[in-house]
$ cat input.cif   # mmCIF, C-alpha atoms
data_data
#
loop_
_atom_site.label_atom_id
_atom_site.label_comp_id
_atom_site.auth_asym_id
_atom_site.auth_seq_id
_atom_site.Cartn_x
_atom_site.Cartn_y
_atom_site.Cartn_z
CA MET A 15 101.82 111.02 100.16
CA HIS A 16 105.57 111.63 100.34
CA THR A 17 106.62 108.02 100.95
CA LEU A 18 107.76 105.85 98.07
CA GLN A 19 107.24 102.08 98.08
CA ILE A 20 109.63 99.98 95.97
CA GLY A 21 109.07 96.29 96.52
CA LYS A 22 109.50 95.65 100.23
CA TYR A 23 111.27 98.98 100.82
CA THR A 24 109.55 102.15 102.02
CA LEU A 25 111.37 105.44 101.51
CA GLY A 26 110.50 108.72 103.18
CA SER A 27 111.64 110.77 100.18
CA ARG A 28 110.78 110.49 96.49
CA LEU A 29 114.16 111.94 95.54
CA ILE A 30 117.04 109.55 94.90
CA VAL A 31 120.54 110.93 94.45
CA GLY A 32 123.82 109.73 93.03
CA SER A 33 127.29 109.62 94.53
CA GLY A 34 129.52 110.35 91.54
CA LYS A 35 131.28 113.54 90.42
CA TYR A 36 131.68 115.06 93.89
CA ASP A 37 135.03 116.43 95.06
CA SER A 38 135.00 114.36 98.26
CA PHE A 39 132.98 111.83 100.24
CA GLU A 40 132.20 114.54 102.79
CA THR A 41 130.66 116.78 100.13
CA THR A 42 128.69 113.80 98.90
CA LYS A 43 127.33 113.26 102.39
CA ALA A 44 126.51 116.92 103.01
CA ALA A 45 124.62 117.28 99.73
CA THR A 46 122.78 114.01 100.22
CA LEU A 47 121.61 115.01 103.67
CA ALA A 48 120.55 118.43 102.35
CA SER A 49 118.47 116.70 99.67
CA GLY A 50 116.51 114.71 102.22
CA SER A 51 117.04 111.60 100.13
CA GLU A 52 117.12 108.23 101.86
CA LEU A 53 118.64 106.37 98.92
CA ILE A 54 121.93 107.01 97.15
CA THR A 55 122.99 105.09 94.08
CA VAL A 56 126.62 104.09 93.88
CA ALA A 57 128.77 102.18 91.45
CA VAL A 58 129.78 98.95 93.14
CA ARG A 59 133.48 99.78 92.82
CA ARG A 60 132.88 102.93 94.94
CA LEU A 61 131.51 100.82 97.79
CA ASN A 62 135.06 99.53 98.29
CA ILE A 63 134.11 96.04 99.40
CA THR A 64 137.60 94.67 98.88
CA ASN A 65 139.83 96.90 101.03
CA PRO A 66 138.33 98.02 104.36
CA ASN A 67 141.47 99.99 105.18
CA GLU A 68 140.75 102.61 102.50
CA PRO A 69 138.11 105.37 102.84
CA ASN A 70 134.70 104.33 101.56
CA LEU A 71 131.16 105.62 101.32
CA ARG A 72 129.79 103.10 103.79
CA ASP A 73 131.92 104.60 106.54
CA THR A 74 131.02 108.13 105.42
CA PHE A 75 127.28 107.49 105.74
CA ALA A 76 127.46 105.45 108.93
CA GLY A 77 124.90 106.66 111.43
CA THR A 78 122.58 108.21 108.83
CA ASN A 79 119.28 106.88 107.47
CA VAL A 80 120.64 106.81 103.91
CA LYS A 81 120.56 103.42 102.17
CA PHE A 82 122.85 102.38 99.34
CA LEU A 83 121.53 101.49 95.91
CA PRO A 84 124.31 99.59 94.10
CA ASN A 85 124.25 100.05 90.34
CA SER A 86 125.80 98.09 87.51
CA ALA A 87 127.45 101.08 85.83
CA GLY A 88 129.96 99.90 83.26
CA CYS A 89 128.21 96.60 82.52
CA THR A 90 127.42 96.01 78.86
CA THR A 91 125.92 92.52 79.03
CA ALA A 92 123.31 90.78 81.14
CA GLU A 93 125.88 88.26 82.33
CA GLU A 94 128.18 90.99 83.67
CA ALA A 95 125.35 92.63 85.61
CA ILE A 96 124.08 89.35 87.05
CA THR A 97 127.55 88.34 88.26
CA LEU A 98 128.22 91.80 89.70
CA PHE A 99 125.03 91.91 91.76
CA ARG A 100 125.40 88.36 93.05
CA LEU A 101 128.89 89.17 94.29
CA THR A 102 127.73 92.47 95.77
CA ARG A 103 124.89 90.86 97.71
CA GLU A 104 127.22 88.18 99.01
CA ALA A 105 129.69 90.81 100.22
CA THR A 106 127.28 93.44 101.57
CA GLY A 107 123.87 91.81 102.02
CA ILE A 108 122.27 94.54 99.87
CA ASP A 109 119.48 93.25 97.62
CA LEU A 110 117.96 96.56 96.45
CA ILE A 111 119.71 97.31 93.15
CA LYS A 112 119.72 99.65 90.18
CA LEU A 113 120.07 97.52 87.07
CA GLU A 114 121.65 99.27 84.10
CA VAL A 115 123.18 97.61 81.07
CA ILE A 116 124.65 100.17 78.69
CA GLY A 117 124.55 99.63 74.94
CA ASP A 118 126.42 102.75 73.80
CA THR A 119 129.36 103.43 76.11
CA GLN A 120 130.96 106.14 73.96
CA LYS A 121 128.38 108.81 73.16
CA THR A 122 124.83 108.51 74.47
CA LEU A 123 125.19 106.02 77.35
CA TYR A 124 121.81 104.70 76.23
CA PRO A 125 120.71 101.41 77.77
CA ASP A 126 120.63 98.06 76.01
CA VAL A 127 117.09 97.25 77.03
CA LEU A 128 117.08 93.69 75.66
CA GLU A 129 120.11 92.80 77.79
CA THR A 130 118.52 94.60 80.72
CA ILE A 131 115.38 92.46 80.41
CA LYS A 132 117.49 89.28 80.31
CA ALA A 133 119.33 90.30 83.46
CA CYS A 134 116.11 91.36 85.16
CA GLU A 135 114.50 87.96 84.66
CA VAL A 136 117.42 86.17 86.32
CA LEU A 137 117.91 88.65 89.16
CA ALA A 138 114.20 88.67 89.98
CA LYS A 139 114.29 84.89 90.39
CA ASP A 140 117.32 85.38 92.65
CA GLY A 141 115.20 87.52 94.96
CA PHE A 142 116.61 90.98 94.23
CA THR A 143 114.50 94.13 94.44
CA ILE A 144 115.18 95.64 91.04
CA MET A 145 115.04 99.21 89.82
CA ALA A 146 115.64 99.04 86.07
CA TYR A 147 117.17 101.90 84.07
CA THR A 148 115.69 101.99 80.57
CA SER A 149 114.70 104.12 77.60
CA ASP A 150 111.46 106.11 77.69
CA ASP A 151 109.66 103.38 75.73
CA PRO A 152 106.36 102.24 77.28
CA ILE A 153 106.51 98.84 75.55
CA MET A 154 109.93 98.08 77.01
CA ALA A 155 108.78 99.40 80.37
CA ARG A 156 105.95 96.85 80.40
CA ARG A 157 108.32 94.06 79.43
CA LEU A 158 110.65 94.99 82.26
CA GLU A 159 107.74 94.90 84.68
CA ASP A 160 106.80 91.48 83.36
CA ALA A 161 110.44 90.41 83.84
CA GLY A 162 110.20 91.23 87.55
CA ALA A 163 111.32 94.85 87.90
CA HIS A 164 109.98 96.57 91.03
CA ALA A 165 110.51 100.05 89.58
CA ILE A 166 111.03 101.37 86.05
CA MET A 167 113.58 104.15 85.52
CA PRO A 168 113.04 105.83 82.14
CA LEU A 169 115.64 108.38 81.12
CA ALA A 170 114.66 112.03 80.73
CA ALA A 171 117.68 112.69 78.50
CA PRO A 172 121.20 111.26 78.13
CA ILE A 173 123.06 110.70 81.41
CA GLY A 174 124.76 113.85 82.66
CA SER A 175 123.43 116.01 79.82
CA GLY A 176 121.26 118.27 81.99
CA LEU A 177 118.79 118.61 79.11
CA GLY A 178 115.74 117.85 81.25
CA VAL A 179 112.69 115.89 80.11
CA GLN A 180 112.96 115.71 76.33
CA ASN A 181 109.79 113.74 75.64
CA ARG A 182 107.15 114.46 78.23
CA TYR A 183 104.56 112.39 76.38
CA ASN A 184 106.67 109.25 76.69
CA ILE A 185 106.99 109.73 80.44
CA VAL A 186 103.19 109.86 80.61
CA PHE A 187 102.94 106.77 78.38
CA VAL A 188 105.37 104.85 80.59
CA ARG A 189 103.36 105.88 83.66
CA GLU A 190 100.19 104.53 82.02
CA ALA A 191 101.88 101.30 80.85
CA VAL A 192 103.04 99.90 84.20
CA LYS A 193 101.74 99.47 87.73
CA VAL A 194 105.10 99.61 89.51
CA PRO A 195 106.65 102.99 90.42
CA ILE A 196 108.47 104.93 87.73
CA ILE A 197 111.54 106.96 88.66
CA VAL A 198 112.66 109.48 86.06
CA ASP A 199 116.40 108.99 85.76
CA ALA A 200 119.20 110.71 83.80
CA GLY A 201 119.28 114.15 82.22
CA ILE A 202 117.81 116.21 85.07
CA GLY A 203 119.56 119.58 85.05
CA CYS A 204 117.79 121.80 87.56
CA ALA A 205 114.93 121.86 90.03
CA SER A 206 112.28 122.73 87.45
CA ASP A 207 113.18 119.58 85.51
CA ALA A 208 112.51 117.49 88.61
CA ALA A 209 109.23 119.27 89.29
CA LEU A 210 108.09 118.69 85.69
CA ALA A 211 108.92 114.99 85.89
CA MET A 212 106.80 114.69 89.02
CA GLU A 213 103.94 116.70 87.50
CA LEU A 214 103.90 114.25 84.59
CA GLY A 215 103.12 111.46 87.05
CA ALA A 216 106.53 110.08 87.96
CA ASP A 217 106.69 108.49 91.39
CA GLY A 218 110.20 109.78 91.97
CA VAL A 219 113.30 111.35 90.44
CA LEU A 220 116.95 110.30 90.45
CA THR A 221 119.59 112.93 89.88
CA ASN A 222 123.34 113.10 90.35
CA THR A 223 125.19 115.51 88.07
CA ALA A 224 122.72 118.36 88.56
CA ILE A 225 123.58 118.43 92.26
CA ALA A 226 127.21 117.29 92.27
CA GLN A 227 128.34 119.77 89.61
CA ALA A 228 126.17 122.72 90.62
CA GLN A 229 128.06 125.81 91.76
CA ASN A 230 126.51 125.22 95.19
CA PRO A 231 125.71 121.51 95.57
CA MET A 232 124.04 121.88 98.97
CA MET A 233 121.72 124.61 97.73
CA MET A 234 120.84 122.65 94.59
CA ALA A 235 120.20 119.55 96.70
CA GLU A 236 117.69 121.47 98.80
CA ALA A 237 116.11 122.89 95.64
CA MET A 238 115.69 119.37 94.25
CA LYS A 239 114.08 118.22 97.49
CA ASN A 240 111.51 121.00 97.35
CA ALA A 241 110.93 120.57 93.60
CA VAL A 242 110.07 116.89 93.97
CA ILE A 243 107.65 117.65 96.80
CA ALA A 244 106.04 120.53 94.86
CA GLY A 245 105.77 118.49 91.67
CA ARG A 246 104.12 115.60 93.48
CA LEU A 247 101.61 117.90 95.17
CA SER A 248 100.85 119.59 91.85
CA TYR A 249 100.25 116.22 90.18
CA LEU A 250 97.95 115.03 92.95
CA ALA A 251 96.06 118.35 93.01
CA GLY A 252 95.24 118.07 89.29
CA ARG A 253 96.09 120.88 86.93
CA ILE A 254 93.46 122.93 85.10
CA PRO A 255 92.89 122.10 81.42
CA LYS A 256 94.74 124.19 78.86
CA ARG A 257 92.52 126.52 76.83
CA PRO A 258 93.32 128.55 73.70
CA TYR A 259 91.59 131.68 75.03
CA ALA A 260 91.32 133.65 78.24
CA THR A 261 88.69 132.90 80.87
CA ALA A 262 87.75 135.57 83.36
CA SER A 263 88.74 134.83 86.94
CA SER A 264 86.19 137.30 88.34
CA PRO A 265 82.41 136.77 88.06
CA VAL A 266 80.50 138.97 85.63
CA ASP A 267 77.07 138.59 87.26
CA GLY A 268 75.89 141.67 89.10
CA MET A 269 78.39 144.04 87.48
CA ILE A 270 77.47 147.74 87.56
CA GLN A 271 76.11 148.80 84.19
CA PHE A 272 77.04 152.16 82.69
#
$ encode --input "input.cif" --output "structure tokens"
Amino acid sequence: MHTLQIGKYTLGSRLIVGSGKYDSFETTKAATLASGSELITVAVRRLNITNPNEPNLRDTFAGTNVKFLPNSAGCTTAEEAITLFRLTREATGIDLIKLEVIGDTQKTLYPDVLETIKACEVLAKDGFTIMAYTSDDPIMARRLEDAGAHAIMPLAAPIGSGLGVQNRYNIVFVREAVKVPIIVDAGIGCASDAALAMELGADGVLTNTAIAQAQNPMMMAEAMKNAVIAGRLSYLAGRIPKRPYATASSPVDGMIQF
């Protein structure tokens, strides 16, 4: 129930976290471990694959069960993302990736989904396990699945905004459109946002800023862990239908008559 299957990878937690915006690698590690996450996304440049003499996240997380999820943050074309991931796999052996190609780098950080699809087709043929960041459009989600994506990552709101799920219907539509897991990504601001995403049928949640910039990152990380678990259980349990009027919770048969 709690495990998440993405391609050939099985994860013990449905919460994925990010590595940016922390004040140190040690805080990143502490919050990640508090979250229970087994997968942390990281911009390739933060992996420090060129200078082993400088501090890097791989050394920080040595000895833990946390896997790295390289992302193509900063790439604006399919060609850039393809080249980046090929070089990363050659240097690190990592083939589980978060594909993101950004179309608006100044204001919304919204993805260029057409470029993402182009990159996905090539990287899938190269044998990568692809988690694709995209808009909350069910048509584009299906096209990414057809292009070889192993997980679809629709945004809840703009990256780092903390606005939470802005269009809950689209998350449901994306869930209905594809067979691969969907991971709600970007815009999560607090634990209730993560729980809602899971209650809508998401298979997992990715959050970074909400934890890294919380007043107490470790406490927020634990809150996110519990929210994802609670939201998943709530979704599986099946909520009651919404009704416009009250319904009595106590039986009326056999009531004393006055």
$ closest_residue --input "input.cif" --among "A:Glu236, A:Glu114, A:Asp199, A:Asp217" --to "Ser49 in chain A" --atoms "all atoms listed in the file"
A:Glu236
$ residues_around --input "input.cif" --residues "Ile173 in chain A" --least-positions-apart "5" --cutoff "9 Å" --atoms "all atoms listed in the file" --output "MDAnalysis selection string"
chainID A and resid 122:124 199:202 223
$ resolve_selection --input "input.cif" --expression "the PyMOL selection byres ((chain A and resi 214) around 12)" --output "PyMOL selection string"
chain A and resi 170+179+181-190+196-198+207-213+215-219+242+245-250+252-253
$ resolve_selection --input "input.cif" --expression "the PyMOL selection byres ((chain A and resi 163) around 12)" --output "ChimeraX atom specification"
/A:20-21,110-114,130-139,141-148,154-162,164-167,192-196
$ resolve_selection --input "input.cif" --expression "the PyMOL selection byres ((chain A and resi 88-92) around 6)" --output "MDAnalysis selection string"
chainID A and resid 86:87 93:95 115:116 129 133
$ write_last_selection --input "input.cif" --atoms "C-alpha atoms" --output "PDB file, keeping the file's coordinate frame"
ATOM      1  CA  SER A  86     125.800  98.090  87.510  1.00  0.00           C
ATOM      2  CA  ALA A  87     127.450 101.080  85.830  1.00  0.00           C
ATOM      3  CA  GLU A  93     125.880  88.260  82.330  1.00  0.00           C
ATOM      4  CA  GLU A  94     128.180  90.990  83.670  1.00  0.00           C
ATOM      5  CA  ALA A  95     125.350  92.630  85.610  1.00  0.00           C
ATOM      6  CA  VAL A 115     123.180  97.610  81.070  1.00  0.00           C
ATOM      7  CA  ILE A 116     124.650 100.170  78.690  1.00  0.00           C
ATOM      8  CA  GLU A 129     120.110  92.800  77.790  1.00  0.00           C
ATOM      9  CA  ALA A 133     119.330  90.300  83.460  1.00  0.00           C
TER      10      ALA A 133
END
$ atom_distance --input "input.cif" --atom1 "CA of Ala45 in chain A" --atom2 "CA of Ala226 in chain A"
7.9 Å
$ residues_near_point --input "input.cif" --point "(123.5, 107.8, 90.3)" --cutoff "8 Å" --atoms "only C-alpha atoms" --output "number ranges by chain"
A: 31-34, 54-57, 85, 220-222
$ atom_distance --input "input.cif" --atom1 "CA of Met232 in chain A" --atom2 "CA of Ala48 in chain A"
6.0 Å
$ closest_residue --input "input.cif" --among "A:Asn230, A:Thr106, A:Ser149, A:Ser206" --to "Pro125 in chain A" --atoms "only C-alpha atoms"
A:Ser149
$ atom_distance --input "input.cif" --atom1 "CA of Leu169 in chain A" --atom2 "CA of Lys121 in chain A"
15.0 Å
$ closest_residue --input "input.cif" --among "A:Arg72, A:Lys43, A:Arg257, A:Lys239" --to "Ser27 in chain A" --atoms "all atoms listed in the file"
A:Lys239
$ closest_residue --input "input.cif" --among "A:Ala237, A:Ile254, A:Ile225, A:Ile243" --to "Lys35 in chain A" --atoms "all atoms listed in the file"
A:Ile225
$ axis_aligned_box --input "input.cif" --around "range 42-51 of chain A" --padding-each-side "4 Å" --output "AutoDock Vina command-line options"
--center_x 122.6 --center_y 115.0 --center_z 101.3 --size_x 20.2 --size_y 14.8 --size_z 12.8
$ closest_residue --input "input.cif" --among "A:Ser263, A:Gln229, A:Asn240, A:Thr74" --to "Glu40 in chain A" --atoms "all atoms listed in the file"
A:Thr74
$ closest_residue --input "input.cif" --among "A:Pro255, A:Phe99, A:Leu71, A:Thr119" --to "Pro172 in chain A" --atoms "only C-alpha atoms"
A:Thr119
$ build_atoms --input "input.cif" --residues "range 192-228 of chain A" --atoms "N, CA and C atoms" --output "CSV table (one decimal), keeping the file's coordinate frame"
chain,number,residue,atom,x,y,z
A,192,VAL,N,102.6,100.8,83.1
A,192,VAL,CA,103.0,99.9,84.2
A,192,VAL,C,102.4,100.3,85.5
A,193,LYS,N,102.3,99.3,86.4
A,193,LYS,CA,101.7,99.5,87.7
A,193,LYS,C,102.8,99.8,88.8
A,194,VAL,N,104.0,99.4,88.5
A,194,VAL,CA,105.1,99.6,89.5
A,194,VAL,C,105.5,101.1,89.4
A,195,PRO,N,106.2,101.6,90.5
A,195,PRO,CA,106.6,103.0,90.4
A,195,PRO,C,107.6,103.3,89.2
A,196,ILE,N,107.5,104.5,88.7
A,196,ILE,CA,108.5,104.9,87.7
A,196,ILE,C,109.3,106.1,88.3
A,197,ILE,N,110.6,106.0,88.1
A,197,ILE,CA,111.5,107.0,88.7
A,197,ILE,C,112.2,107.6,87.5
A,198,VAL,N,112.0,108.8,87.2
A,198,VAL,CA,112.7,109.5,86.1
A,198,VAL,C,114.1,109.6,86.4
A,199,ASP,N,115.0,109.1,85.5
A,199,ASP,CA,116.4,109.0,85.8
A,199,ASP,C,117.2,109.5,84.6
A,200,ALA,N,118.2,110.2,84.8
A,200,ALA,CA,119.2,110.7,83.8
A,200,ALA,C,118.7,112.0,83.1
A,201,GLY,N,119.6,113.0,83.0
A,201,GLY,CA,119.3,114.2,82.2
A,201,GLY,C,118.7,115.3,83.0
A,202,ILE,N,118.4,115.1,84.3
A,202,ILE,CA,117.8,116.2,85.1
A,202,ILE,C,118.9,117.3,85.2
A,203,GLY,N,118.6,118.5,85.0
A,203,GLY,CA,119.6,119.6,85.0
A,203,GLY,C,119.4,120.6,86.1
A,204,CYS,N,118.1,120.8,86.5
A,204,CYS,CA,117.8,121.8,87.6
A,204,CYS,C,116.5,121.4,88.2
A,205,ALA,N,116.1,122.2,89.2
A,205,ALA,CA,114.9,121.9,90.0
A,205,ALA,C,113.6,121.8,89.2
A,206,SER,N,113.5,122.7,88.2
A,206,SER,CA,112.3,122.7,87.4
A,206,SER,C,112.1,121.5,86.6
A,207,ASP,N,113.2,120.9,86.2
A,207,ASP,CA,113.2,119.6,85.5
A,207,ASP,C,112.6,118.5,86.4
A,208,ALA,N,113.0,118.5,87.7
A,208,ALA,CA,112.5,117.5,88.6
A,208,ALA,C,111.0,117.7,88.9
A,209,ALA,N,110.6,119.0,89.0
A,209,ALA,CA,109.2,119.3,89.3
A,209,ALA,C,108.4,118.8,88.1
A,210,LEU,N,108.8,119.1,86.9
A,210,LEU,CA,108.1,118.7,85.7
A,210,LEU,C,107.9,117.2,85.6
A,211,ALA,N,109.0,116.5,85.9
A,211,ALA,CA,108.9,115.0,85.9
A,211,ALA,C,107.9,114.5,86.9
A,212,MET,N,107.8,115.1,88.0
A,212,MET,CA,106.8,114.7,89.0
A,212,MET,C,105.4,115.1,88.6
A,213,GLU,N,105.3,116.3,88.0
A,213,GLU,CA,103.9,116.7,87.5
A,213,GLU,C,103.4,115.8,86.4
A,214,LEU,N,104.3,115.2,85.7
A,214,LEU,CA,103.9,114.2,84.6
A,214,LEU,C,103.4,112.9,85.1
A,215,GLY,N,103.6,112.7,86.4
A,215,GLY,CA,103.1,111.5,87.0
A,215,GLY,C,104.2,110.5,87.5
A,216,ALA,N,105.5,110.9,87.4
A,216,ALA,CA,106.5,110.1,88.0
A,216,ALA,C,106.4,109.9,89.5
A,217,ASP,N,106.8,108.8,90.0
A,217,ASP,CA,106.7,108.5,91.4
A,217,ASP,C,107.9,109.0,92.1
A,218,GLY,N,109.0,109.3,91.4
A,218,GLY,CA,110.2,109.8,92.0
A,218,GLY,C,111.2,110.2,90.9
A,219,VAL,N,112.3,110.8,91.3
A,219,VAL,CA,113.3,111.4,90.4
A,219,VAL,C,114.7,110.9,91.0
A,220,LEU,N,115.6,110.5,90.1
A,220,LEU,CA,117.0,110.3,90.4
A,220,LEU,C,117.8,111.3,89.7
A,221,THR,N,118.7,112.0,90.5
A,221,THR,CA,119.6,112.9,89.9
A,221,THR,C,120.9,112.9,90.6
A,222,ASN,N,122.0,113.1,89.8
A,222,ASN,CA,123.3,113.1,90.4
A,222,ASN,C,124.1,114.3,89.9
A,223,THR,N,124.4,114.4,88.6
A,223,THR,CA,125.2,115.5,88.1
A,223,THR,C,124.6,116.9,88.4
A,224,ALA,N,123.3,117.0,88.3
A,224,ALA,CA,122.7,118.4,88.6
A,224,ALA,C,123.1,118.9,89.9
A,225,ILE,N,123.2,118.0,90.9
A,225,ILE,CA,123.6,118.4,92.3
A,225,ILE,C,125.1,118.5,92.4
A,226,ALA,N,125.8,117.4,92.0
A,226,ALA,CA,127.2,117.3,92.3
A,226,ALA,C,128.0,118.4,91.6
A,227,GLN,N,127.6,118.8,90.4
A,227,GLN,CA,128.3,119.8,89.6
A,227,GLN,C,127.7,121.2,89.6
A,228,ALA,N,126.7,121.4,90.5
A,228,ALA,CA,126.2,122.7,90.6
A,228,ALA,C,127.2,123.6,91.3
